[in-house]
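S.K.: Contents of coords05.txt (compact mmCIF, C-alpha atoms):
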```
# COMPACT_ATOMS: atom_id res chain seq x y z
CA MET A 224 -4.19 -9.37 -19.13
CA THR A 225 -3.53 -8.98 -15.46
CA ARG A 226 -6.06 -9.84 -12.78
CA VAL A 227 -9.15 -8.53 -11.06
CA HIS A 228 -7.19 -6.40 -8.58
CA ASP A 229 -5.79 -4.22 -11.40
CA MET A 230 -8.65 -1.71 -11.39
CA GLY A 231 -7.03 1.68 -12.07
CA GLY A 232 -9.22 3.63 -14.51
CA ARG A 233 -12.15 1.20 -14.32
CA PHE A 234 -15.67 2.58 -14.75
CA GLY A 235 -18.75 1.72 -12.76
CA ASP A 236 -17.67 1.79 -9.11
CA GLY A 237 -19.76 4.78 -8.07
CA PRO A 238 -18.78 7.51 -5.63
CA VAL A 239 -16.06 7.35 -3.00
CA LYS A 240 -17.66 7.50 0.44
CA PRO A 241 -15.12 8.98 2.85
CA GLU A 242 -15.52 8.02 6.49
CA PRO A 243 -14.96 10.88 8.98
CA GLU A 244 -11.34 11.17 10.12
CA GLY A 245 -12.19 10.41 13.73
CA ASP A 246 -13.65 6.98 12.95
CA PRO A 247 -12.06 3.95 14.65
CA VAL A 248 -8.97 2.53 12.93
CA PHE A 249 -10.71 -0.84 12.75
CA ALA A 250 -14.45 -0.73 12.03
CA LYS A 251 -14.92 -4.20 13.53
CA ASP A 252 -12.92 -6.23 16.02
CA TRP A 253 -12.37 -9.02 13.49
CA HIS A 254 -10.75 -6.53 11.08
CA ALA A 255 -8.08 -5.88 13.69
CA ARG A 256 -7.64 -9.63 14.35
CA ALA A 257 -7.38 -10.32 10.58
CA LEU A 258 -4.65 -7.73 10.15
CA ALA A 259 -2.71 -8.87 13.22
CA LEU A 260 -3.06 -12.54 12.32
CA THR A 261 -1.73 -11.88 8.82
CA LEU A 262 1.27 -9.94 10.12
CA ALA A 263 2.03 -12.53 12.80
CA ALA A 264 1.75 -15.42 10.32
CA GLY A 265 4.11 -13.58 7.98
CA ALA A 266 6.72 -13.67 10.73
CA LEU A 267 6.86 -17.47 10.35
CA GLY A 268 9.01 -16.71 7.30
CA GLN A 269 7.20 -18.96 4.83
CA TRP A 270 6.53 -16.25 2.25
CA ASN A 271 7.46 -12.69 1.29
CA ILE A 272 5.29 -9.62 0.67
CA ASP A 273 5.05 -10.28 -3.06
CA ILE A 274 3.88 -13.86 -2.50
CA SER A 275 1.23 -12.64 -0.06
CA ARG A 276 0.02 -9.89 -2.43
CA HIS A 277 -0.22 -12.45 -5.20
CA ALA A 278 -2.24 -14.76 -2.95
CA ARG A 279 -4.89 -12.01 -2.64
CA GLU A 280 -4.81 -11.31 -6.35
CA ARG A 281 -5.30 -15.00 -7.10
CA LEU A 282 -8.63 -15.12 -5.32
CA SER A 283 -11.21 -15.91 -7.97
CA PRO A 284 -12.70 -12.74 -9.50
CA LEU A 285 -15.99 -13.67 -7.89
CA ASP A 286 -14.43 -13.91 -4.41
CA TYR A 287 -12.23 -10.83 -4.90
CA THR A 288 -15.26 -8.76 -5.82
CA ARG A 289 -17.67 -9.98 -3.17
CA PHE A 290 -15.19 -10.10 -0.27
CA SER A 291 -14.62 -7.02 1.86
CA TYR A 292 -11.04 -5.87 2.35
CA TYR A 293 -10.11 -7.99 5.35
CA GLU A 294 -12.08 -10.96 4.04
CA LYS A 295 -9.61 -10.97 1.15
CA TRP A 296 -6.73 -10.91 3.62
CA ILE A 297 -8.01 -13.79 5.69
CA ALA A 298 -8.99 -15.94 2.69
CA ALA A 299 -5.57 -15.41 1.10
CA LEU A 300 -3.89 -16.20 4.42
CA ALA A 301 -5.77 -19.48 4.76
CA ASP A 302 -4.86 -20.39 1.16
CA LEU A 303 -1.19 -19.54 1.67
CA LEU A 304 -0.93 -21.50 4.90
CA VAL A 305 -2.12 -24.61 3.07
CA GLU A 306 -0.10 -24.00 -0.10
CA ARG A 307 3.07 -23.54 1.91
CA GLY A 308 2.43 -26.65 3.95
CA VAL A 309 2.06 -24.85 7.25
CA LEU A 310 -1.49 -26.15 7.66
CA THR A 311 -3.46 -28.92 5.95
CA GLU A 312 -6.94 -28.84 4.52
CA GLU A 313 -7.92 -31.06 7.45
CA ASP A 314 -6.69 -28.32 9.78
CA LEU A 315 -8.91 -25.76 8.06
CA ARG A 316 -11.88 -28.10 8.31
CA GLY A 317 -11.20 -28.32 12.03
CA ALA A 318 -10.87 -32.07 11.69
CA ALA A 319 -7.17 -32.54 12.39
CA HIS A 320 -5.86 -33.96 15.63
CA ASP A 321 -2.74 -32.19 16.78
CA VAL A 322 0.12 -34.46 17.67
CA GLY A 323 3.36 -33.02 19.03
CA THR A 324 4.75 -29.57 18.32
CA HIS A 325 4.55 -27.86 14.94
CA ALA A 326 7.96 -27.61 13.27
CA LEU A 327 7.58 -23.84 12.89
CA ALA A 328 6.37 -23.13 16.43
CA GLU A 329 9.81 -21.88 17.45
CA ARG A 330 9.47 -19.08 14.93
CA SER A 331 6.15 -17.77 16.22
CA LEU A 332 6.11 -14.03 16.85
CA LYS A 333 6.09 -13.28 20.57
CA ALA A 334 4.47 -10.20 22.06
CA ASP A 335 7.75 -8.78 23.27
CA ALA A 336 9.23 -8.98 19.75
CA VAL A 337 6.36 -7.17 18.00
CA ALA A 338 7.68 -3.62 18.40
CA ALA A 339 11.07 -4.53 16.97
CA VAL A 340 9.60 -6.47 14.03
CA LEU A 341 7.25 -3.63 13.06
CA ALA A 342 10.02 -1.05 13.47
CA THR A 343 12.41 -3.05 11.28
CA GLY A 344 10.02 -3.52 8.37
CA GLY A 345 11.17 -5.13 5.16
CA PRO A 346 13.26 -2.76 3.04
CA THR A 347 13.41 -3.73 -0.64
CA ALA A 348 16.30 -1.49 -1.79
CA ARG A 349 19.32 -3.52 -2.91
CA ALA A 350 22.89 -2.59 -3.80
CA ASP A 351 23.20 -5.21 -6.55
CA GLY A 352 21.53 -5.59 -9.93
CA PRO A 353 21.86 -3.80 -13.26
CA LYS A 354 22.71 -0.13 -13.63
CA PRO A 355 19.94 2.27 -14.64
CA ILE A 356 19.65 2.80 -18.39
CA PHE A 357 17.22 5.73 -18.09
CA SER A 358 17.79 9.12 -16.51
CA ALA A 359 15.51 11.82 -15.10
CA GLY A 360 13.60 13.66 -17.81
CA GLN A 361 14.02 10.88 -20.36
CA ALA A 362 11.05 9.71 -22.43
CA VAL A 363 10.13 6.04 -21.96
CA ARG A 364 7.32 3.76 -22.99
CA ALA A 365 5.62 1.16 -20.80
CA VAL A 366 5.95 -2.26 -22.37
CA ILE A 367 3.06 -4.19 -23.88
CA PRO A 368 1.48 -6.33 -22.45
CA SER A 369 1.20 -6.02 -18.67
CA ASP A 370 1.61 -9.77 -18.14
CA ASN A 371 4.33 -11.24 -15.99
CA ALA A 372 6.97 -12.03 -18.64
CA GLN A 373 8.29 -15.14 -16.85
CA VAL A 374 5.26 -16.79 -15.29
CA PRO A 375 1.88 -17.12 -17.06
CA GLY A 376 -0.74 -15.46 -14.87
CA GLY A 377 2.02 -14.41 -12.50
CA HIS A 378 2.28 -11.40 -10.25
CA THR A 379 3.16 -8.03 -11.74
CA ARG A 380 3.01 -4.42 -10.56
CA LEU A 381 2.61 -2.92 -14.02
CA PRO A 382 -0.95 -1.58 -14.05
CA ARG A 383 -2.93 -2.24 -17.19
CA TYR A 384 -3.88 1.41 -17.70
CA ALA A 385 -0.23 2.38 -18.27
CA VAL A 386 0.55 -0.32 -20.80
CA GLY A 387 2.04 1.05 -24.03
CA ALA A 388 1.85 4.65 -22.78
CA LEU A 389 4.51 7.31 -23.31
CA GLY A 390 5.93 8.72 -20.08
CA TYR A 391 8.85 10.62 -18.62
CA VAL A 392 11.19 9.58 -15.82
CA VAL A 393 10.79 11.97 -12.88
CA ARG A 394 12.79 10.13 -10.25
CA LEU A 395 15.24 7.23 -9.81
CA HIS A 396 14.58 5.20 -6.67
CA GLY A 397 17.65 2.97 -6.88
CA ASN A 398 17.52 -0.82 -7.29
CA HIS A 399 14.61 -2.66 -5.70
CA VAL A 400 13.50 -6.29 -5.43
CA PHE A 401 11.55 -7.23 -8.58
CA PRO A 402 8.07 -8.48 -7.56
CA ASP A 403 7.45 -10.37 -10.81
CA SER A 404 10.32 -12.66 -9.81
CA ASN A 405 10.15 -12.53 -6.02
CA ALA A 406 6.46 -13.53 -5.92
CA HIS A 407 7.31 -16.86 -7.52
CA GLY A 408 10.38 -17.95 -5.61
CA LEU A 409 12.58 -17.01 -8.57
CA GLY A 410 14.84 -14.78 -6.55
CA GLU A 411 14.84 -11.09 -5.68
CA ALA A 412 16.34 -10.11 -9.07
CA PRO A 413 16.66 -6.43 -8.06
CA GLU A 414 16.58 -3.86 -10.82
CA PRO A 415 16.36 -0.07 -11.15
CA LEU A 416 13.01 1.41 -10.12
CA TYR A 417 11.77 4.72 -11.52
CA ALA A 418 8.91 7.11 -10.90
CA VAL A 419 7.47 7.70 -14.37
CA LYS A 420 4.93 10.44 -15.12
CA PHE A 421 2.25 10.08 -17.74
CA HIS A 422 0.08 12.91 -19.02
CA ALA A 423 -3.55 12.16 -18.24
CA ARG A 424 -4.30 12.71 -21.95
CA GLU A 425 -1.90 9.86 -22.77
CA LEU A 426 -3.84 7.47 -20.53
CA TRP A 427 -7.48 8.48 -20.86
CA ALA A 428 -9.72 9.42 -23.78
CA HIS A 429 -11.44 12.07 -21.66
CA PRO A 430 -8.92 13.59 -19.25
CA GLU A 431 -10.33 16.04 -16.74
CA HIS A 432 -7.64 18.69 -17.22
CA PRO A 433 -4.90 19.17 -19.84
CA ASP A 434 -2.13 19.48 -17.25
CA ASP A 435 -3.00 16.55 -14.97
CA GLU A 436 -0.53 13.68 -14.63
CA VAL A 437 -0.28 10.22 -13.11
CA VAL A 438 3.03 8.98 -11.72
CA VAL A 439 3.63 5.21 -11.62
CA ASP A 440 6.60 3.48 -9.98
CA MET A 441 8.03 1.16 -12.63
CA TRP A 442 10.88 -1.31 -12.73
CA GLN A 443 13.33 -1.11 -15.61
CA SER A 444 11.86 -4.28 -17.21
CA TYR A 445 8.51 -2.48 -17.54
CA LEU A 446 10.05 0.23 -19.70
CA GLU A 447 11.57 0.61 -23.13
CA PRO A 448 13.39 3.58 -24.65
CA VAL A 449 11.49 5.87 -27.00
CA MET B 69 2.95 -21.58 -11.33
CA PRO B 70 -0.01 -19.80 -9.80
CA HIS B 71 -2.81 -22.07 -8.72
CA ASP B 72 -6.01 -21.18 -10.49
CA ASP B 73 -8.24 -23.78 -8.93
CA PRO B 74 -11.40 -21.88 -7.95
CA ASP B 75 -11.86 -24.27 -5.00
CA HIS B 76 -9.39 -22.45 -2.80
CA PRO B 77 -8.67 -23.95 0.63
CA HIS B 78 -10.30 -20.95 2.33
CA ALA B 79 -13.68 -22.28 1.18
CA LEU B 80 -13.26 -25.08 3.76
CA MET B 81 -13.65 -22.55 6.58
CA PRO B 82 -16.79 -20.90 7.98
CA PRO B 83 -18.02 -18.25 5.51
CA ASP B 84 -18.87 -15.67 8.17
CA PRO B 85 -15.75 -13.48 8.29
CA ALA B 86 -15.65 -12.99 12.07
CA LEU B 87 -15.99 -16.75 12.60
CA ARG B 88 -13.42 -17.44 9.89
CA VAL B 89 -10.82 -15.20 11.55
CA LYS B 90 -11.57 -16.70 14.93
CA ALA B 91 -11.25 -20.24 13.57
CA LEU B 92 -7.92 -19.52 11.93
CA GLU B 93 -6.57 -17.83 15.05
CA THR B 94 -7.67 -20.84 17.12
CA ILE B 95 -6.00 -23.37 14.82
CA LEU B 96 -2.73 -21.43 14.66
CA THR B 97 -2.68 -20.80 18.39
CA ARG B 98 -3.27 -24.48 19.18
CA LYS B 99 -0.27 -25.38 17.03
CA GLY B 100 1.92 -22.79 18.73
CA LEU B 101 2.28 -20.78 15.50
CA ILE B 102 0.58 -17.67 16.84
CA ASP B 103 0.78 -15.97 20.20
CA PRO B 104 -2.55 -14.18 20.81
CA ALA B 105 -0.73 -11.69 23.02
CA ALA B 106 1.39 -10.72 19.99
CA LEU B 107 -1.81 -10.04 18.04
CA ASP B 108 -3.01 -7.79 20.86
CA GLU B 109 0.30 -5.95 20.71
CA ILE B 110 0.09 -5.43 16.93
CA ILE B 111 -3.47 -4.12 17.24
CA ASP B 112 -2.55 -1.78 20.09
CA THR B 113 0.33 -0.40 18.05
CA TYR B 114 -1.83 0.62 15.11
CA GLN B 115 -4.93 1.49 17.10
CA ASN B 116 -3.26 3.70 19.68
CA ARG B 117 0.37 4.51 18.90
CA ILE B 118 1.02 4.87 15.17
CA GLY B 119 -1.31 7.13 13.21
CA PRO B 120 -1.70 10.40 11.31
CA LYS B 121 -0.48 12.46 14.26
CA ASN B 122 3.03 11.35 13.26
CA GLY B 123 2.66 12.72 9.77
CA ALA B 124 1.06 15.91 11.08
CA ARG B 125 4.11 16.61 13.28
CA VAL B 126 6.37 16.24 10.25
CA VAL B 127 4.25 18.58 8.14
CA ALA B 128 4.04 21.22 10.87
CA ARG B 129 7.79 21.13 11.32
CA ALA B 130 8.33 21.48 7.57
CA TRP B 131 6.10 24.56 7.62
CA CYS B 132 8.21 26.12 10.37
CA ASP B 133 11.73 25.06 9.44
CA PRO B 134 12.92 25.68 5.83
CA GLU B 135 16.05 23.55 6.22
CA PHE B 136 14.02 20.62 7.56
CA ARG B 137 11.54 21.04 4.70
CA GLN B 138 14.33 21.01 2.12
CA ALA B 139 15.97 17.95 3.63
CA LEU B 140 12.59 16.18 3.72
CA LEU B 141 11.91 16.88 0.05
CA THR B 142 15.44 15.94 -1.01
CA ASP B 143 15.70 12.62 0.85
CA ALA B 144 12.95 11.92 3.34
CA ASN B 145 14.28 8.63 4.69
CA PRO B 146 17.11 9.80 6.98
CA VAL B 147 15.02 12.76 8.16
CA LEU B 148 12.01 10.62 9.09
CA ALA B 149 14.10 7.81 10.54
CA GLY B 150 15.82 10.42 12.72
CA LEU B 151 12.41 11.24 14.18
CA GLY B 152 11.65 7.56 14.76
CA TYR B 153 9.16 7.36 11.88
CA TYR B 154 10.41 4.26 10.17
CA GLY B 155 9.19 0.69 9.89
CA ARG B 156 6.80 -1.62 8.16
CA GLN B 157 5.21 -0.05 5.07
CA GLY B 158 7.36 3.05 5.41
CA GLU B 159 10.79 1.73 4.52
CA HIS B 160 11.21 3.97 1.47
CA MET B 161 9.52 7.34 1.89
CA VAL B 162 9.17 10.15 -0.61
CA VAL B 163 7.54 13.45 0.38
CA VAL B 164 5.86 15.46 -2.40
CA GLU B 165 5.03 19.13 -1.95
CA ASN B 166 1.85 20.90 -2.97
CA THR B 167 2.23 24.31 -4.59
CA PRO B 168 -0.26 26.77 -6.08
CA ARG B 169 0.51 25.18 -9.47
CA GLN B 170 0.55 21.50 -8.49
CA HIS B 171 -1.56 19.40 -6.14
CA ASN B 172 -0.43 15.89 -5.25
CA MET B 173 -2.69 12.94 -4.44
CA VAL B 174 -1.76 9.36 -3.52
CA VAL B 175 -3.47 6.08 -4.42
CA CYS B 176 -2.62 2.40 -4.74
CA THR B 177 -4.65 1.08 -7.67
CA LEU B 178 -3.31 -2.48 -7.28
CA CYS B 179 -3.88 -2.97 -3.54
CA SER B 180 -3.71 -0.58 -0.57
CA CYS B 181 -0.11 0.64 -0.18
CA TYR B 182 0.07 3.49 2.35
CA PRO B 183 2.77 5.02 4.60
CA TRP B 184 1.97 3.23 7.88
CA PRO B 185 4.64 4.82 10.14
CA LEU B 186 3.38 8.30 9.21
CA LEU B 187 -0.37 7.75 8.77
CA GLY B 188 -1.18 4.39 10.39
CA ILE B 189 -3.59 1.91 8.82
CA PRO B 190 -5.41 3.28 5.75
CA PRO B 191 -9.07 4.26 6.10
CA GLY B 192 -11.78 2.20 4.41
CA TRP B 193 -12.30 4.61 1.51
CA TYR B 194 -8.59 4.47 0.57
CA LYS B 195 -8.92 0.70 0.14
CA SER B 196 -12.27 0.90 -1.68
CA ASP B 197 -12.71 -0.16 -5.29
CA ALA B 198 -14.17 3.27 -6.12
CA TYR B 199 -11.09 5.18 -4.94
CA ARG B 200 -8.61 2.71 -6.44
CA ALA B 201 -10.42 2.70 -9.79
CA ARG B 202 -11.17 6.41 -10.12
CA ALA B 203 -8.36 8.40 -8.46
CA VAL B 204 -6.08 8.00 -11.49
CA ARG B 205 -8.72 8.71 -14.15
CA GLU B 206 -10.87 11.41 -12.58
CA PRO B 207 -9.10 12.85 -9.53
CA ARG B 208 -11.11 16.07 -9.67
CA LYS B 209 -14.45 14.28 -9.41
CA VAL B 210 -13.03 12.22 -6.55
CA LEU B 211 -11.79 15.37 -4.79
CA ALA B 212 -15.26 16.88 -5.14
CA GLU B 213 -16.60 13.89 -3.20
CA PHE B 214 -14.25 14.97 -0.39
CA GLY B 215 -15.54 18.55 -0.70
CA VAL B 216 -12.33 19.79 -2.31
CA THR B 217 -12.27 22.00 -5.42
CA LEU B 218 -8.94 23.18 -6.80
CA PRO B 219 -8.32 26.35 -8.82
CA ALA B 220 -8.44 25.79 -12.59
CA ASP B 221 -4.73 26.61 -12.94
CA THR B 222 -3.65 23.96 -10.41
CA ALA B 223 -2.53 20.72 -12.07
CA ILE B 224 -2.99 17.41 -10.27
CA ARG B 225 -0.28 14.81 -10.06
CA VAL B 226 -1.61 11.44 -8.84
CA TRP B 227 1.01 9.06 -7.42
CA ASP B 228 0.11 5.39 -7.90
CA SER B 229 2.03 3.43 -5.24
CA THR B 230 2.89 0.42 -7.40
CA ALA B 231 6.22 -0.36 -5.68
CA GLU B 232 7.53 -0.23 -2.09
CA ILE B 233 7.97 3.54 -2.23
CA ARG B 234 5.48 5.26 0.07
CA TYR B 235 4.36 8.81 -0.62
CA LEU B 236 3.37 11.54 1.83
CA VAL B 237 1.88 14.80 0.60
CA LEU B 238 3.23 18.00 2.15
CA PRO B 239 0.20 20.31 1.96
CA MET B 240 0.46 24.10 1.69
CA ARG B 241 0.43 26.01 4.96
CA PRO B 242 -2.94 27.71 5.36
CA GLU B 243 -3.07 31.48 5.30
CA GLY B 244 -3.55 33.26 8.60
CA THR B 245 -1.34 30.85 10.57
CA GLU B 246 1.73 33.09 10.88
CA GLY B 247 1.52 33.41 14.65
CA LEU B 248 0.88 29.73 15.40
CA ALA B 249 3.39 27.46 17.12
CA GLU B 250 4.40 24.10 15.62
CA ASP B 251 2.09 22.16 17.96
CA GLU B 252 -0.86 24.35 17.00
CA LEU B 253 -0.06 23.94 13.32
CA ALA B 254 0.05 20.15 13.69
CA GLU B 255 -3.56 20.27 14.89
CA LEU B 256 -4.54 21.75 11.51
CA VAL B 257 -2.96 18.93 9.49
CA SER B 258 -5.71 16.47 8.64
CA ARG B 259 -4.94 12.92 7.59
CA ASP B 260 -6.57 13.45 4.21
CA SER B 261 -4.41 16.52 3.55
CA MET B 262 -1.37 14.21 3.68
CA ILE B 263 -2.98 11.79 1.19
CA GLY B 264 -3.99 14.68 -1.03
CA THR B 265 -7.75 14.17 -0.79
CA GLY B 266 -8.14 17.01 1.69
CA LEU B 267 -6.69 20.36 2.67
CA PRO B 268 -5.40 21.43 6.08
CA LYS B 269 -7.94 22.94 8.43
CA VAL B 270 -8.14 26.71 8.57
CA PRO B 271 -7.64 28.17 12.07
CA SER B 272 -10.91 29.26 13.63
```
If you took the structure in this file and wrote it as structure tokens, what would it be?
M.R.:
Amino acid sequence: MTRVHDMGGRFGDGPVKPEPEGDPVFAKDWHARALALTLAAGALGQWNIDISRHARERLSPLDYTRFSYYEKWIAALADLLVERGVLTEEDLRGAAHDVGTHALAERSLKADAVAAVLATGGPTARADGPKPIFSAGQAVRAVIPSDNAQVPGGHTRLPRYAVGALGYVVRLHGNHVFPDSNAHGLGEAPEPLYAVKFHARELWAHPEHPDDEVVVDMWQSYLEPV
Amino acid sequence: MPHDDPDHPHALMPPDPALRVKALETILTRKGLIDPAALDEIIDTYQNRIGPKNGARVVARAWCDPEFRQALLTDANPVLAGLGYYGRQGEHMVVVENTPRQHNMVVCTLCSCYPWPLLGIPPGWYKSDAYRARAVREPRKVLAEFGVTLPADTAIRVWDSTAEIRYLVLPMRPEGTEGLAEDELAELVSRDSMIGTGLPKVPS
């Protein structure tokens, strides 16, 4: 079993309610602050993108479900800051007395560095790691189960709905950092990443159309030969 | 090991989300870990500078320039980087083309992955549980909620963004646009048409 965030195929969520395209990028001012705060705190270098995704996924199912999108971000950020020792629980309570300069203050993201940091991003393609064992067009099967194989309850990007399904490689993306490892400080462990297509009828008991497909990006460890 | 203590540290902070964000910003600023001016800069970038107009320019150019279109579909990264459309959440781009036989649609069932340099910050519906849960299982019902109905002989391919690859849909050029210039065409390219939940506007 994966976690509450892994909701592809779930029933019961009701209709999608699209906002008009001209709506503001941020519905509320605090949404914008939450996003910016999360990005700026990431620049302190105390975690990577997989660690931060996992922090959101580790919210309790109750919190994950009742929190709005940016509430998840800000709760996970507060949790990470404490877990990584950047802040203390006393800090979060507002009870701490600041003495001296924080050891990480030198690393804080300055306004004049923002454009360069956002433009640089964080590419995950790597030249090292194993060679691909699958080629385009080849039949593959998604492994069972969708758990992180190394860490109980750990991060994984193998969605539950694809587990055990027969698919076909449509594209090789090259080697990429493996989130199941990178989210737990176990190294980047890059491995080949593939786009794998699954017939809708392979995934769902009641597909809408016989020719529909779902494509999932999958690391080599998520796949076995057929 | 993941921590599964339900008493997460965030529970120590004010429950109201606006107050919670403000409190965290205040604590981090006081410690010199955050520069509020940097936050303003990040917000300005995504509120005013990076958004779906970028993607629309790329689509319009692909409609006008067959060589550009081919290069984009073959390996989008150098093409987009050459136009300055590179950066956070758009480091590894793939462009997928709609045809009369195949319609493409993009989702992230596990979180909210989205090509920021081309489309900006995702809209609320893209991040909603309903879209994340249903786009893979019943894309046609979801499309109907956007007012889109596809011909019966058009297959749908839904791309679930489970890795750091970001997908942009290249919609079909609307009929009756032969005489339009690239700038005019870009005006027809809606954001949703590049996610695959909409179609380009038809010239009036």
S.K.: What residues in chain B lie within 6 Å of chain A, counting only C-alpha atoms, written as a VMD selection string?
M.R.: chain B and resid 74 77 to 78 80 to 81 86 99 to 103 105 to 107 110 115 155 to 156 159 177 to 178 193 198 to 202 205 223 to 228 230 to 231
S.K.: Hey, what's within 7 Å of B:Ile233 if we count only C-alpha atoms and toss same-chain stuff fewer than 4 positions away? As number ranges by chain, please?
M.R.: B: 160-162, 229
S.K.: May I ask for the distance between atom CA of B:Gly152 and atom CA of B:Met240, given in Å to one decimal place?
M.R.: 23.9 Å
S.K.: In Å, rounded to a single decimal, give me how far atom CA of A:Arg307 is from atom CA of A:Gly408.
M.R.: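 A separation of 11.9 Å between them.
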S.K.: Counting only C-alpha atoms, what is within 8 Å of stretch 130-143 of chain B, bar same-chain residues fewer than 6 positions away, as a PDB file with C-alpha atoms, keeping the file's coordinate frame?
M.R.:
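Here's the written file result-v1.pdb:
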```pdb
ATOM      1  CA  VAL B 162       9.170  10.150  -0.610  1.00  0.00           C
ATOM      2  CA  VAL B 163       7.540  13.450   0.380  1.00  0.00           C
ATOM      3  CA  VAL B 164       5.860  15.460  -2.400  1.00  0.00           C
ATOM      4  CA  GLU B 165       5.030  19.130  -1.950  1.00  0.00           C
ATOM      5  CA  ARG B 241       0.430  26.010   4.960  1.00  0.00           C
ATOM      6  CA  GLU B 250       4.400  24.100  15.620  1.00  0.00           C
TER       7      GLU B 250
END
```
